[in-house]
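Just below is one structure, and these are the notes that go with it.
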Amino acid sequence: NRVNLVSSTSTIERAPDSVAGTAQRVLPSVVSIQTRSLTGGGTGSGFFIDSDGYILTNNHVISSAAQSGGSIRVKLNDGRTFSAKVIGRDASYDLAVLKIAASGLKALQFGDSDQVAVGDSVIAIGSPLGLSGTVTSGMVSALNRPVTTGSLNAESFMDAIQTDAAINPGNSGGPL
C-alpha cells in the first residue's frame with residue numbers, strides 16, 4: 001500500500017486582540033522567578049516594566065529571599081537566566097521591583113483598572129506550578145473585592161479584581 005501525505009505551507013493568521021495574539025505579544029515580557037533562602041525556595045512570576053531590566057512582581061514571591069539574603073533568579077521567556085536584586089518592596093501592597101543586568105527588553109504597558117468592567121475578558125500569564133509561559137483566560141468576575149495583603153506586621157486591605165481565569169501557585173506576580 002502506498003500513502004501520499006499532503007503538507008500545507010499556509011499560515012494561520014490570528015487577530016492581534018485574540019487570546020493567542022495577545023499571548024504572543026505579552027509572553028516575551030513575562031518572567032519566571034525562583035528564590036532560595038534559609039527556609040527553602042519558592043517560585044513566582046513577574047513582568048518587565050522597563051526595557052532596562054526592571055521587573056514588577058509580588059512581594060510575597062521574593063520576601064523570604066530578600067529578608068534572609070537568599071538568591072533570586074529570573075528566567076526570561078527566551079530561556080536566558082539572570083540573578084536579580086531587589087530594588088524596592090512594599091509588604092502592605094504586596095509589590096516588589098527587581099532588577100536584572102540586561103537591556104533592550106520588551107516592557108508591558110499598564111492598563112487602567114478604572115476602565116475594567118465585570119464581564120471583560122482577561123488573560124493571566126505566568127509560571128503556575130513552575131510551568132513557565134502558561135496562559136489562561138477567563139473574565140472579570142467581580143470588582144472591588146476586599147483582599148488582605150502583606151504579613152501580620154504590615155497587613156493591609158485593598159480592593160482587588162476577581163477573575164475566573166485559572167490562577168495557581170507560581171502565577172503570583174504575573175500580569176493579568
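Quick note on naming: the chains in the C-alpha cells go A, B, ... in the order shown, residues restart at 1 in each chain, and ligands are numbered from 1 in order of appearance.
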Quick one: residues within 7 Å of A:Lys85, only C-alpha atoms counted, chain neighbours fewer than 6 positions away excluded, as a PDB file with N, CA and C atoms, in the first residue's frame?
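Ended up saving to part-v2.pdb:
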ATOM      1  N   LEU A  98      12.271  44.234  41.019  1.00  0.00           N
ATOM      2  CA  LEU A  98      13.569  43.586  40.881  1.00  0.00           C
ATOM      3  C   LEU A  98      14.303  44.212  39.711  1.00  0.00           C
ATOM      4  N   LYS A  99      15.618  43.956  39.650  1.00  0.00           N
ATOM      5  CA  LYS A  99      16.431  44.451  38.526  1.00  0.00           C
ATOM      6  C   LYS A  99      17.379  43.356  38.102  1.00  0.00           C
ATOM      7  N   ILE A 100      17.451  43.127  36.782  1.00  0.00           N
ATOM      8  CA  ILE A 100      18.444  42.217  36.230  1.00  0.00           C
ATOM      9  C   ILE A 100      19.377  43.027  35.337  1.00  0.00           C
TER      10      ILE A 100
END
Item to complete: Would you list the contacts of stretch 124-134 of chain A as a ChimeraX atom specification, taking every protein, DNA or RNA residue within 12 Å and counting only C-alpha atoms, but skipping same-chain residues closer than 2 positions in sequence?
Response: /A:19-20,22-35,41-47,57,61,74-79,121-122,136-140,162-176
Give me a file of those residues, with C-alpha atoms, as a PDB file, in the first residue's frame.
ATOM      1  CA  VAL A  19      -6.105  35.285  23.254  1.00  0.00           C
ATOM      2  CA  ALA A  20      -3.383  33.785  21.038  1.00  0.00           C
ATOM      3  CA  THR A  22      -2.292  38.810  22.997  1.00  0.00           C
ATOM      4  CA  ALA A  23      -0.275  35.904  24.428  1.00  0.00           C
ATOM      5  CA  GLN A  24       2.205  36.088  21.557  1.00  0.00           C
ATOM      6  CA  ARG A  25       2.651  39.807  22.195  1.00  0.00           C
ATOM      7  CA  VAL A  26       2.898  39.587  26.017  1.00  0.00           C
ATOM      8  CA  LEU A  27       4.866  36.366  26.650  1.00  0.00           C
ATOM      9  CA  PRO A  28       8.301  37.899  25.861  1.00  0.00           C
ATOM     10  CA  SER A  29       7.727  40.375  28.724  1.00  0.00           C
ATOM     11  CA  VAL A  30       6.821  37.765  31.365  1.00  0.00           C
ATOM     12  CA  VAL A  31       9.474  36.094  33.535  1.00  0.00           C
ATOM     13  CA  SER A  32       9.652  33.149  35.920  1.00  0.00           C
ATOM     14  CA  ILE A  33      11.154  33.818  39.343  1.00  0.00           C
ATOM     15  CA  GLN A  34      12.901  31.253  41.548  1.00  0.00           C
ATOM     16  CA  THR A  35      14.042  32.077  45.061  1.00  0.00           C
ATOM     17  CA  GLY A  41      12.658  28.078  47.990  1.00  0.00           C
ATOM     18  CA  GLY A  42       9.779  29.441  46.031  1.00  0.00           C
ATOM     19  CA  THR A  43       8.553  30.293  42.571  1.00  0.00           C
ATOM     20  CA  GLY A  44       6.532  33.075  41.049  1.00  0.00           C
ATOM     21  CA  SER A  45       6.150  35.289  38.035  1.00  0.00           C
ATOM     22  CA  GLY A  46       6.832  38.863  37.094  1.00  0.00           C
ATOM     23  CA  PHE A  47       6.979  41.144  34.080  1.00  0.00           C
ATOM     24  CA  THR A  57       6.288  41.053  40.980  1.00  0.00           C
ATOM     25  CA  VAL A  61       7.225  35.867  45.913  1.00  0.00           C
ATOM     26  CA  VAL A  74      14.857  35.254  36.871  1.00  0.00           C
ATOM     27  CA  LYS A  75      14.263  33.165  33.763  1.00  0.00           C
ATOM     28  CA  LEU A  76      13.205  35.013  30.633  1.00  0.00           C
ATOM     29  CA  ASN A  77      10.774  33.619  28.088  1.00  0.00           C
ATOM     30  CA  ASP A  78      13.701  33.047  25.690  1.00  0.00           C
ATOM     31  CA  GLY A  79      15.401  30.762  28.247  1.00  0.00           C
ATOM     32  CA  SER A 121     -12.210  39.102  29.086  1.00  0.00           C
ATOM     33  CA  VAL A 122      -8.840  38.687  30.813  1.00  0.00           C
ATOM     34  CA  THR A 136      -5.090  31.020  30.933  1.00  0.00           C
ATOM     35  CA  SER A 137      -8.150  33.038  30.056  1.00  0.00           C
ATOM     36  CA  GLY A 138     -11.355  33.993  31.758  1.00  0.00           C
ATOM     37  CA  MET A 139     -13.326  37.061  32.644  1.00  0.00           C
ATOM     38  CA  VAL A 140     -13.586  39.656  35.343  1.00  0.00           C
ATOM     39  CA  GLN A 162     -11.674  38.924  40.887  1.00  0.00           C
ATOM     40  CA  THR A 163     -11.297  36.624  37.877  1.00  0.00           C
ATOM     41  CA  ASP A 164     -12.242  33.089  36.971  1.00  0.00           C
ATOM     42  CA  ALA A 165      -9.045  32.641  34.916  1.00  0.00           C
ATOM     43  CA  ALA A 166      -7.086  29.729  36.374  1.00  0.00           C
ATOM     44  CA  ILE A 167      -4.548  31.027  38.910  1.00  0.00           C
ATOM     45  CA  ASN A 168      -2.235  28.567  40.680  1.00  0.00           C
ATOM     46  CA  PRO A 169       0.833  28.811  42.929  1.00  0.00           C
ATOM     47  CA  GLY A 170       3.567  30.345  40.778  1.00  0.00           C
ATOM     48  CA  ASN A 171       1.231  32.725  38.940  1.00  0.00           C
ATOM     49  CA  SER A 172       1.794  35.326  41.674  1.00  0.00           C
ATOM     50  CA  GLY A 173       3.371  38.463  40.263  1.00  0.00           C
ATOM     51  CA  GLY A 174       2.420  37.775  36.663  1.00  0.00           C
ATOM     52  CA  PRO A 175       0.262  40.091  34.552  1.00  0.00           C
ATOM     53  CA  LEU A 176      -3.496  39.903  34.219  1.00  0.00           C
TER      54      LEU A 176
END
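Around A:Ser113, within 10 Å and counting only C-alpha atoms, the residues found are Phe110, Gly111, Gln115, Val116, Ala117, Leu143, Ala160 and Ile161 of chain A, once anything fewer than 2 positions away on its own chain is removed.
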Would you save the residues from that selection as a JSON list (two decimals), in the first residue's frame, using N, CA, C and O atoms?
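Dumped everything to out_33.json:
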[["chain", "number", "residue", "atom", "x", "y", "z"],
["A", 110, "PHE", "N", 0.98, 49.28, 31.34],
["A", 110, "PHE", "CA", -0.06, 49.09, 32.34],
["A", 110, "PHE", "C", -1.42, 49.46, 31.76],
["A", 110, "PHE", "O", -1.56, 50.41, 31.00],
["A", 111, "GLY", "N", -2.44, 48.69, 32.15],
["A", 111, "GLY", "CA", -3.80, 49.02, 31.79],
["A", 111, "GLY", "C", -4.39, 49.94, 32.84],
["A", 111, "GLY", "O", -3.78, 50.20, 33.88],
["A", 115, "GLN", "N", -11.03, 51.35, 34.17],
["A", 115, "GLN", "CA", -11.81, 51.09, 32.96],
["A", 115, "GLN", "C", -12.30, 49.64, 32.87],
["A", 115, "GLN", "O", -13.04, 49.29, 31.96],
["A", 116, "VAL", "N", -11.91, 48.80, 33.82],
["A", 116, "VAL", "CA", -12.30, 47.38, 33.81],
["A", 116, "VAL", "C", -13.75, 47.25, 34.25],
["A", 116, "VAL", "O", -14.20, 47.92, 35.18],
["A", 117, "ALA", "N", -14.47, 46.36, 33.58],
["A", 117, "ALA", "CA", -15.88, 46.11, 33.92],
["A", 117, "ALA", "C", -16.09, 44.61, 34.13],
["A", 117, "ALA", "O", -15.41, 43.78, 33.51],
["A", 143, "LEU", "N", -15.51, 43.21, 40.89],
["A", 143, "LEU", "CA", -14.58, 44.30, 41.17],
["A", 143, "LEU", "C", -14.66, 44.67, 42.64],
["A", 143, "LEU", "O", -15.64, 44.39, 43.31],
["A", 160, "ALA", "N", -9.60, 44.36, 45.05],
["A", 160, "ALA", "CA", -8.99, 43.54, 44.01],
["A", 160, "ALA", "C", -9.97, 43.25, 42.89],
["A", 160, "ALA", "O", -11.19, 43.35, 43.06],
["A", 161, "ILE", "N", -9.41, 42.89, 41.75],
["A", 161, "ILE", "CA", -10.19, 42.41, 40.61],
["A", 161, "ILE", "C", -10.27, 40.89, 40.76],
["A", 161, "ILE", "O", -9.25, 40.22, 40.84]]
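Nearest residue to A:Ser18 among A:Val147, A:Ala102, A:Ile123, A:Ala142 is A:Ile123, counting only C-alpha atoms.
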Fill in: Using only C-alpha atoms: which of A:Asp17, A:Asp120, A:Asp52, A:Asp90 has the shortest distance to A:Thr149
A:Asp90
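With only C-alpha atoms as the atoms that count, the residue of A:Ile62, A:Leu38, A:Val6, A:Ile12 with the shortest distance to A:Leu95 is A:Ile62.
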Item to complete: as a list of chain:residue names, list the residues of chain A assigned to helix (DSSP H, G or I) by DSSP on the backbone atoms of this structure.
Response: A:Val19, A:Ala20, A:Gly21, A:Thr22, A:Ala23, A:Gln24, A:Arg25, A:Val26, A:Leu27, A:Pro28, A:Ser29, A:Asn59, A:His60, A:Val61, A:Ile62, A:Ser63, A:Ser64, A:Ala65, A:Ala66, A:Gln67, A:Ser68, A:Ser113, A:Asp114, A:Gln115, A:Pro128, A:Leu129, A:Gly130
Discussion item. Between atom CA of A:Ile49 and atom CA of A:Gly88, what is the distance in Å, rounded to a tenth?
Written reply: 13.7 Å
Discussion item. Could you pull out the strand (DSSP E) residues of chain A, going by DSSP on the backbone, and write them as a PyMOL selection string?
Written reply: chain A and resi 30-37+40-48+54-57+71-75+81-83+85-90+95-99+121-126+134-149+156-163
Fill in: Nearby residues (only C-alpha atoms) at most 6 Å from A:Asp159, same-chain spacing under 4 positions excluded, as an NGL selection string
:A and (144-146)
Could you dump the residues just selected with N, CA and C atoms as a PDB file, in the first residue's frame?
ATOM      1  N   ASN A 144     -13.592  45.298  43.116  1.00  0.00           N
ATOM      2  CA  ASN A 144     -13.535  45.822  44.483  1.00  0.00           C
ATOM      3  C   ASN A 144     -13.742  44.746  45.551  1.00  0.00           C
ATOM      4  N   ARG A 145     -13.167  43.565  45.307  1.00  0.00           N
ATOM      5  CA  ARG A 145     -13.213  42.504  46.309  1.00  0.00           C
ATOM      6  C   ARG A 145     -12.186  42.831  47.392  1.00  0.00           C
ATOM      7  N   PRO A 146     -12.587  42.858  48.665  1.00  0.00           N
ATOM      8  CA  PRO A 146     -11.612  43.145  49.720  1.00  0.00           C
ATOM      9  C   PRO A 146     -10.648  41.977  49.890  1.00  0.00           C
TER      10      PRO A 146
END
Worksheet entry | All residues 9 Å or closer to A:Arg89, only C-alpha atoms, same chain fewer than 2 positions away omitted, as a PyMOL selection string | chain A and resi 58-59+63+86-87+91+93-98
Write a file of the selected residues as a CSV table (one decimal), in the first residue's frame, keeping C-alpha atoms.
chain,number,residue,atom,x,y,z
A,58,ASN,CA,4.5,40.4,44.3
A,59,ASN,CA,6.5,40.9,47.5
A,63,SER,CA,10.2,38.3,50.6
A,86,VAL,CA,15.6,43.8,44.9
A,87,ILE,CA,15.2,47.5,44.2
A,91,ALA,CA,4.6,44.4,52.0
A,93,TYR,CA,0.7,46.4,48.9
A,94,ASP,CA,2.4,43.1,48.2
A,95,LEU,CA,4.6,44.6,45.4
A,96,ALA,CA,8.3,44.3,44.7
A,97,VAL,CA,10.6,45.6,42.0
A,98,LEU,CA,13.6,43.6,40.9
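When only C-alpha atoms are used to measure the gap to A:Ser68, the shortest distance among A:Gly40, A:Gly104, A:Asp50, A:Ile55 belongs to A:Gly40.
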Worksheet entry | Shell around A:Arg36 at 6 Å using only C-alpha atoms, local window under 5 positions removed, as a PyMOL selection string | chain A and resi 41+65+70-71
Got time to write the residues from that selection, C-alpha atoms, as a PDB file, in the first residue's frame?
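Okay, this is what ended up in again-v9.pdb:
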ATOM      1  CA  GLY A  41      12.658  28.078  47.990  1.00  0.00           C
ATOM      2  CA  ALA A  65      14.916  35.540  49.979  1.00  0.00           C
ATOM      3  CA  GLY A  70      18.952  34.465  49.719  1.00  0.00           C
ATOM      4  CA  SER A  71      19.132  34.321  45.955  1.00  0.00           C
TER       5      SER A  71
END
